[in-house]
$ cat work_21.csv   # CSV, C-alpha atoms
chain,number,residue,atom,x,y,z
U,1,MET,CA,-2.2,-22.9,3.0
U,2,LEU,CA,-3.6,-19.4,3.7
U,3,ALA,CA,-5.2,-18.8,7.0
U,4,PRO,CA,-9.0,-18.4,6.8
U,5,HIS,CA,-8.8,-14.7,7.4
U,6,LEU,CA,-6.1,-14.1,4.7
U,7,LEU,CA,-8.0,-16.3,2.3
U,8,HIS,CA,-11.1,-14.2,2.9
U,9,ILE,CA,-9.2,-11.0,2.2
U,10,ALA,CA,-7.8,-12.6,-1.0
U,11,LEU,CA,-11.3,-13.4,-2.2
U,12,GLU,CA,-12.4,-9.9,-1.5
U,13,ILE,CA,-9.5,-8.4,-3.5
U,14,ALA,CA,-10.0,-10.9,-6.3
U,15,SER,CA,-13.7,-10.1,-6.5
U,16,GLY,CA,-12.9,-6.4,-6.7
U,17,ALA,CA,-10.5,-7.0,-9.5
U,18,THR,CA,-13.2,-8.9,-11.4
U,19,VAL,CA,-15.6,-6.0,-10.9
U,20,GLY,CA,-12.9,-3.4,-12.0
U,21,PHE,CA,-12.1,-5.5,-15.1
U,22,THR,CA,-15.7,-5.5,-16.3
U,23,LEU,CA,-16.0,-1.7,-15.6
U,24,GLY,CA,-12.9,-1.0,-17.7
U,25,LEU,CA,-14.0,-3.4,-20.4
U,26,VAL,CA,-17.6,-2.6,-21.0
U,27,GLY,CA,-18.3,0.5,-18.8
U,28,GLY,CA,-20.9,-1.6,-16.9
U,29,GLY,CA,-21.4,-4.9,-15.2
U,30,GLY,CA,-19.6,-3.7,-12.0
U,31,SER,CA,-22.6,-4.0,-9.7
U,32,ILE,CA,-24.0,-6.9,-11.8
U,33,LEU,CA,-20.9,-8.8,-10.5
U,34,ALA,CA,-20.3,-6.9,-7.2
U,35,VAL,CA,-23.6,-7.7,-5.6
U,36,PRO,CA,-23.6,-11.5,-6.2
U,37,LEU,CA,-19.9,-11.8,-5.5
U,38,MET,CA,-20.4,-10.1,-2.1
U,39,VAL,CA,-23.5,-12.2,-1.3
U,40,TYR,CA,-22.5,-15.6,-2.6
U,41,LEU,CA,-18.7,-15.7,-2.6
U,42,VAL,CA,-17.6,-13.3,0.1
U,43,GLY,CA,-20.6,-14.2,2.3
U,44,VAL,CA,-22.2,-10.9,3.1
U,45,PRO,CA,-25.4,-12.0,4.8
U,46,ASN,CA,-27.5,-8.8,4.2
U,47,ALA,CA,-28.4,-8.1,0.6
U,48,HIS,CA,-28.9,-4.4,1.4
U,49,VAL,CA,-25.4,-4.2,2.8
U,50,ALA,CA,-24.0,-5.8,-0.3
U,51,ILE,CA,-25.9,-3.3,-2.5
U,52,GLY,CA,-24.7,-0.3,-0.5
U,53,THR,CA,-21.1,-1.4,-0.3
U,54,SER,CA,-21.0,-2.4,-4.0
U,55,ALA,CA,-22.4,1.0,-4.9
U,56,LEU,CA,-19.4,2.8,-3.2
U,57,SER,CA,-16.8,0.4,-4.6
U,58,VAL,CA,-18.2,0.6,-8.2
U,59,SER,CA,-18.3,4.4,-8.0
U,60,ILE,CA,-14.6,4.7,-7.0
U,61,ASN,CA,-13.5,2.1,-9.6
U,62,ALA,CA,-15.6,3.9,-12.3
U,63,LEU,CA,-13.5,7.1,-11.7
U,64,VAL,CA,-10.3,5.0,-12.1
U,65,GLY,CA,-11.6,3.7,-15.5
U,66,LEU,CA,-12.9,7.2,-16.5
U,67,ALA,CA,-9.4,8.6,-16.1
U,68,GLN,CA,-8.0,6.0,-18.5
U,69,HIS,CA,-10.8,6.5,-21.1
U,70,ALA,CA,-10.3,10.3,-20.9
U,71,ARG,CA,-6.6,9.8,-21.7
U,72,ASN,CA,-7.7,7.7,-24.7
U,73,LYS,CA,-10.2,10.5,-25.7
U,74,THR,CA,-13.2,8.2,-25.8
U,75,VAL,CA,-15.4,10.2,-23.5
U,76,LYS,CA,-18.3,12.5,-24.8
U,77,TRP,CA,-18.2,15.0,-21.9
U,78,ARG,CA,-21.4,17.0,-22.8
U,79,CYS,CA,-23.5,13.8,-23.1
U,80,ALA,CA,-22.0,12.5,-19.9
U,81,GLY,CA,-22.9,15.7,-18.0
U,82,ILE,CA,-26.5,15.8,-19.2
U,83,PHE,CA,-27.1,12.1,-18.6
U,84,ALA,CA,-25.5,12.1,-15.1
U,85,LEU,CA,-27.3,15.3,-13.9
U,86,CYS,CA,-30.7,14.0,-14.9
U,87,GLY,CA,-30.0,10.6,-13.4
U,88,VAL,CA,-28.9,11.7,-9.9
U,89,GLY,CA,-32.4,12.7,-8.9
U,90,GLY,CA,-33.8,9.4,-10.2
U,91,ALA,CA,-31.1,7.5,-8.3
U,92,PHE,CA,-32.0,9.1,-5.0
U,93,LEU,CA,-35.7,8.2,-5.6
U,94,GLY,CA,-34.9,4.7,-6.7
U,95,ALA,CA,-32.7,4.0,-3.7
U,96,SER,CA,-35.5,5.0,-1.3
U,97,LEU,CA,-37.9,2.7,-3.1
U,98,GLY,CA,-35.4,-0.2,-3.2
U,99,LYS,CA,-34.7,-0.2,0.5
U,100,ALA,CA,-38.4,-0.9,1.1
U,101,VAL,CA,-38.3,-4.1,-1.0
U,102,ASP,CA,-37.3,-7.5,0.5
U,103,GLY,CA,-33.6,-8.2,-0.5
U,104,LYS,CA,-34.3,-11.6,-2.0
U,105,HIS,CA,-37.1,-10.2,-4.2
U,106,LEU,CA,-34.8,-7.3,-5.2
U,107,LEU,CA,-32.0,-9.7,-6.5
U,108,LEU,CA,-34.5,-11.7,-8.5
U,109,LEU,CA,-36.0,-8.6,-10.1
U,110,PHE,CA,-32.5,-7.4,-10.8
U,111,ALA,CA,-31.6,-10.6,-12.7
U,112,LEU,CA,-34.8,-10.5,-14.8
U,113,LEU,CA,-34.0,-6.9,-15.8
U,114,MET,CA,-30.5,-7.9,-16.8
U,115,ILE,CA,-31.8,-10.5,-19.2
U,116,GLY,CA,-34.1,-8.0,-20.9
U,117,VAL,CA,-31.2,-5.6,-21.4
U,118,GLY,CA,-28.9,-8.4,-22.7
U,119,VAL,CA,-31.4,-9.4,-25.4
U,120,LEU,CA,-31.6,-5.8,-26.6
U,121,MET,CA,-27.8,-5.5,-26.7
U,122,ILE,CA,-27.5,-8.7,-28.8
U,123,ARG,CA,-30.2,-7.6,-31.2
U,124,GLY,CA,-28.2,-4.4,-31.9
U,125,ARG,CA,-24.7,-5.8,-31.8
U,126,HIS,CA,-24.0,-5.0,-35.5
U,127,ASN,CA,-24.8,-1.3,-35.1
U,128,THR,CA,-21.4,0.4,-35.2
U,129,GLY,CA,-22.8,3.8,-34.4
U,130,CYS,CA,-21.6,7.3,-35.5
U,131,PRO,CA,-18.1,8.3,-34.3
U,132,GLY,CA,-19.0,12.0,-34.5
U,133,ALA,CA,-22.2,11.6,-32.5
U,134,SER,CA,-22.8,14.2,-29.7
U,135,CYS,CA,-25.6,15.7,-27.6
U,136,ASN,CA,-27.5,18.5,-29.3
U,137,ARG,CA,-30.9,20.3,-29.2
U,138,GLU,CA,-32.5,17.5,-31.2
U,139,ASN,CA,-31.5,14.6,-29.0
U,140,ALA,CA,-31.1,16.3,-25.6
U,141,PRO,CA,-34.7,15.5,-24.4
U,142,LYS,CA,-34.1,11.9,-25.3
U,143,VAL,CA,-30.8,11.9,-23.4
U,144,MET,CA,-32.4,13.5,-20.4
U,145,GLY,CA,-35.2,11.0,-20.3
U,146,CYS,CA,-32.9,8.1,-20.6
U,147,GLY,CA,-30.7,9.6,-17.9
U,148,PHE,CA,-33.6,10.0,-15.4
U,149,GLY,CA,-35.0,6.5,-16.1
U,150,THR,CA,-31.6,4.9,-15.8
U,151,GLY,CA,-30.9,6.7,-12.6
U,152,LEU,CA,-34.2,5.6,-11.1
U,153,LEU,CA,-33.4,1.9,-11.9
U,154,SER,CA,-29.8,2.3,-10.8
U,155,GLY,CA,-30.9,3.6,-7.4
U,156,PHE,CA,-33.7,1.0,-7.0
U,157,PHE,CA,-31.4,-2.0,-7.7
U,158,GLY,CA,-28.4,-0.4,-6.0
U,159,ILE,CA,-26.2,-0.5,-9.1
U,160,GLY,CA,-23.8,1.8,-10.9
U,161,GLY,CA,-26.1,1.3,-13.9
U,162,GLY,CA,-23.4,1.0,-16.6
U,163,PHE,CA,-25.2,-1.9,-18.2
U,164,LEU,CA,-28.2,0.3,-18.6
U,165,ILE,CA,-26.3,3.6,-19.3
U,166,VAL,CA,-24.3,2.1,-22.2
U,167,PRO,CA,-27.3,1.0,-24.3
U,168,GLY,CA,-29.2,4.2,-23.2
U,169,LEU,CA,-26.4,6.4,-24.6
U,170,MET,CA,-26.2,4.4,-27.8
U,171,ALA,CA,-29.9,4.6,-28.3
U,172,SER,CA,-30.3,8.3,-27.6
U,173,THR,CA,-27.2,9.6,-29.5
U,174,SER,CA,-26.1,6.8,-31.9
U,175,MET,CA,-22.5,6.9,-30.5
U,176,PRO,CA,-20.3,3.8,-30.9
U,177,ILE,CA,-20.1,1.4,-28.0
U,178,LEU,CA,-16.5,2.4,-27.2
U,179,ASN,CA,-17.6,6.0,-26.7
U,180,ALA,CA,-20.6,4.9,-24.8
U,181,VAL,CA,-18.4,2.8,-22.5
U,182,GLY,CA,-16.1,5.7,-21.7
U,183,THR,CA,-19.0,8.2,-21.4
U,184,SER,CA,-21.0,5.9,-19.2
U,185,LEU,CA,-18.4,5.9,-16.4
U,186,VAL,CA,-19.3,9.5,-15.5
U,187,ALA,CA,-22.9,8.5,-14.8
U,188,VAL,CA,-21.9,5.2,-13.2
U,189,ALA,CA,-19.9,7.2,-10.6
U,190,ALA,CA,-22.6,9.8,-10.1
U,191,PHE,CA,-25.4,7.2,-9.7
U,192,GLY,CA,-23.3,5.0,-7.5
U,193,PHE,CA,-22.4,7.9,-5.1
U,194,SER,CA,-26.0,8.9,-4.9
U,195,THR,CA,-27.0,5.4,-4.0
U,196,THR,CA,-24.1,5.1,-1.6
U,197,ILE,CA,-25.2,8.2,0.4
U,198,SER,CA,-28.7,6.8,0.7
U,199,TYR,CA,-27.6,3.4,1.9
U,200,MET,CA,-24.8,4.8,4.1
U,201,LEU,CA,-27.4,6.9,6.0
U,202,SER,CA,-29.2,3.7,6.7
U,203,GLY,CA,-26.1,1.9,7.9
U,204,TYR,CA,-25.8,-0.4,4.9
U,205,VAL,CA,-22.1,0.1,4.0
U,206,ASP,CA,-19.3,-2.2,5.0
U,207,TRP,CA,-16.3,0.1,4.8
U,208,GLN,CA,-13.5,-2.5,5.2
U,209,LEU,CA,-15.0,-4.6,2.5
U,210,ALA,CA,-15.4,-1.6,0.2
U,211,GLY,CA,-11.7,-0.7,0.7
U,212,LEU,CA,-10.5,-4.2,-0.4
U,213,PHE,CA,-12.9,-4.2,-3.4
U,214,ILE,CA,-11.6,-0.8,-4.5
U,215,LEU,CA,-8.0,-2.0,-4.2
U,216,GLY,CA,-8.6,-5.0,-6.4
U,217,GLY,CA,-10.9,-3.0,-8.7
U,218,ALA,CA,-8.2,-0.4,-9.5
U,219,ILE,CA,-5.9,-3.2,-10.8
U,220,GLY,CA,-8.7,-4.9,-12.8
U,221,CYS,CA,-10.0,-1.6,-14.3
U,222,SER,CA,-6.6,-0.9,-15.8
U,223,ILE,CA,-6.5,-4.2,-17.6
U,224,GLY,CA,-10.1,-4.0,-18.7
U,225,THR,CA,-9.7,-0.6,-20.3
U,226,LYS,CA,-6.9,-1.9,-22.5
U,227,ALA,CA,-8.9,-5.0,-23.5
U,228,SER,CA,-11.9,-2.7,-24.4
U,229,ARG,CA,-9.8,-0.8,-26.9
U,230,ALA,CA,-8.6,-4.0,-28.5
U,231,LEU,CA,-12.1,-5.6,-28.8
U,232,ALA,CA,-13.7,-2.3,-30.1
U,233,GLY,CA,-11.9,-2.8,-33.4
U,234,SER,CA,-14.0,-5.9,-34.2
U,235,THR,CA,-17.7,-5.1,-35.1
U,236,GLY,CA,-20.1,-6.4,-32.5
U,237,ARG,CA,-17.5,-8.3,-30.4
U,238,LEU,CA,-17.5,-5.9,-27.5
U,239,THR,CA,-21.3,-5.8,-27.5
U,240,THR,CA,-21.5,-9.6,-27.6
U,241,VAL,CA,-19.0,-9.9,-24.7
U,242,PHE,CA,-21.1,-7.4,-22.7
U,243,ALA,CA,-24.4,-9.2,-23.3
U,244,SER,CA,-22.9,-12.6,-22.6
U,245,LEU,CA,-21.6,-11.4,-19.3
U,246,ILE,CA,-25.1,-10.2,-18.4
U,247,PHE,CA,-26.8,-13.6,-19.3
U,248,VAL,CA,-24.3,-15.7,-17.3
U,249,VAL,CA,-24.6,-13.7,-14.1
U,250,ALA,CA,-28.4,-13.2,-14.5
U,251,ALA,CA,-28.9,-17.0,-14.8
U,252,TYR,CA,-26.7,-17.6,-11.7
U,253,MET,CA,-28.6,-15.0,-9.7
U,254,ILE,CA,-32.0,-16.4,-10.7
U,255,TRP,CA,-30.9,-19.9,-9.7
U,256,GLN,CA,-29.7,-18.7,-6.3
U,257,SER,CA,-32.8,-16.7,-5.7
U,258,ILE,CA,-35.1,-19.6,-6.5
U,259,ARG,CA,-33.1,-21.8,-4.0
U,260,GLN,CA,-33.8,-19.3,-1.2
U,261,PHE,CA,-37.6,-19.2,-1.7

$ encode --input "work_21.csv" --output "structure tokens"
Amino acid sequence: MLAPHLLHIALEIASGATVGFTLGLVGGGGSILAVPLMVYLVGVPNAHVAIGTSALSVSINALVGLAQHARNKTVKWRCAGIFALCGVGGAFLGASLGKAVDGKHLLLLFALLMIGVGVLMIRGRHNTGCPGASCNRENAPKVMGCGFGTGLLSGFFGIGGGFLIVPGLMASTSMPILNAVGTSLVAVAAFGFSTTISYMLSGYVDWQLAGLFILGGAIGCSIGTKASRALAGSTGRLTTVFASLIFVVAAYMIWQSIRQF
């Protein structure tokens, strides 16, 4: 039997691998899983520490996934740059607002937002998008607006924002979900680092835990990216997997939040 300390380390690495897998698979969901895993499985007592640490871990793992999507040529770099630049300012503002809200309330609001996004994803699951979609003068204002709004919510909830960025990119440019997944990782990393800096300055980052999450995440991200390419060939399947993940974790977080009130 593993010693308690080694078992705890194993749980942290396994949790990181789960987070990395979802990032590689759907370009989002990293913090959707990282925050509750840190709070409820690993046992981080402070929700703000879990949020700050997850933001750092997800950011690093997003870069790992981005490298693999770039090799597969599924990243729309111009769209990624515009979206990320407009979202960074929103992420700093959102993080400042989020730290002023009670951690228990923050997790409940987070879960309710997730359900709303999941419903929108399911409703549009049969929309295959346009493979040649890109950012241009006509849709640039919409991309910029989605970027800022997503960054604001990303910083407020302490998340990488992939589960908001992917549908945002699809809605503003009509790109297929596989391209949105790859492109979103640029913004996930940018938003996550912005949130990390804010929480780090307030002492809300557990560096040892972040390192173990990143280690596990690098492994999971590699597997998730390969699975993403396989699922993308079936209309609506990748979107359905994405939305289903959101619903399951949101329901669990709501249940946990209600128990604590």

$ residues_around --input "work_21.csv" --residues "Val35 (chain U)" --least-positions-apart "6" --cutoff "7 Å" --atoms "only C-alpha atoms" --output "MDAnalysis selection string"
chainID U and resid 50:51 54

$ closest_residue --input "work_21.csv" --among "U:Gly98, U:Gly145, U:Gly118, U:Gly89" --to "Phe247 (chain U)" --atoms "only C-alpha atoms"
U:Gly118

$ atom_distance --input "work_21.csv" --atom1 "CA of Ser154 (chain U)" --atom2 "CA of Thr239 (chain U)"
20.4 Å

$ closest_residue --input "work_21.csv" --among "U:Ala227, U:Leu6, U:Ala111, U:Leu85" --to "Trp255 (chain U)" --atoms "all atoms listed in the file"
U:Ala111

$ residues_around --input "work_21.csv" --residues "region 75-78 of chain U" --least-positions-apart "4" --cutoff "6 Å" --atoms "all atoms listed in the file" --output "list in words"
Ala70, Asn179, Gly182 and Thr183 of chain U
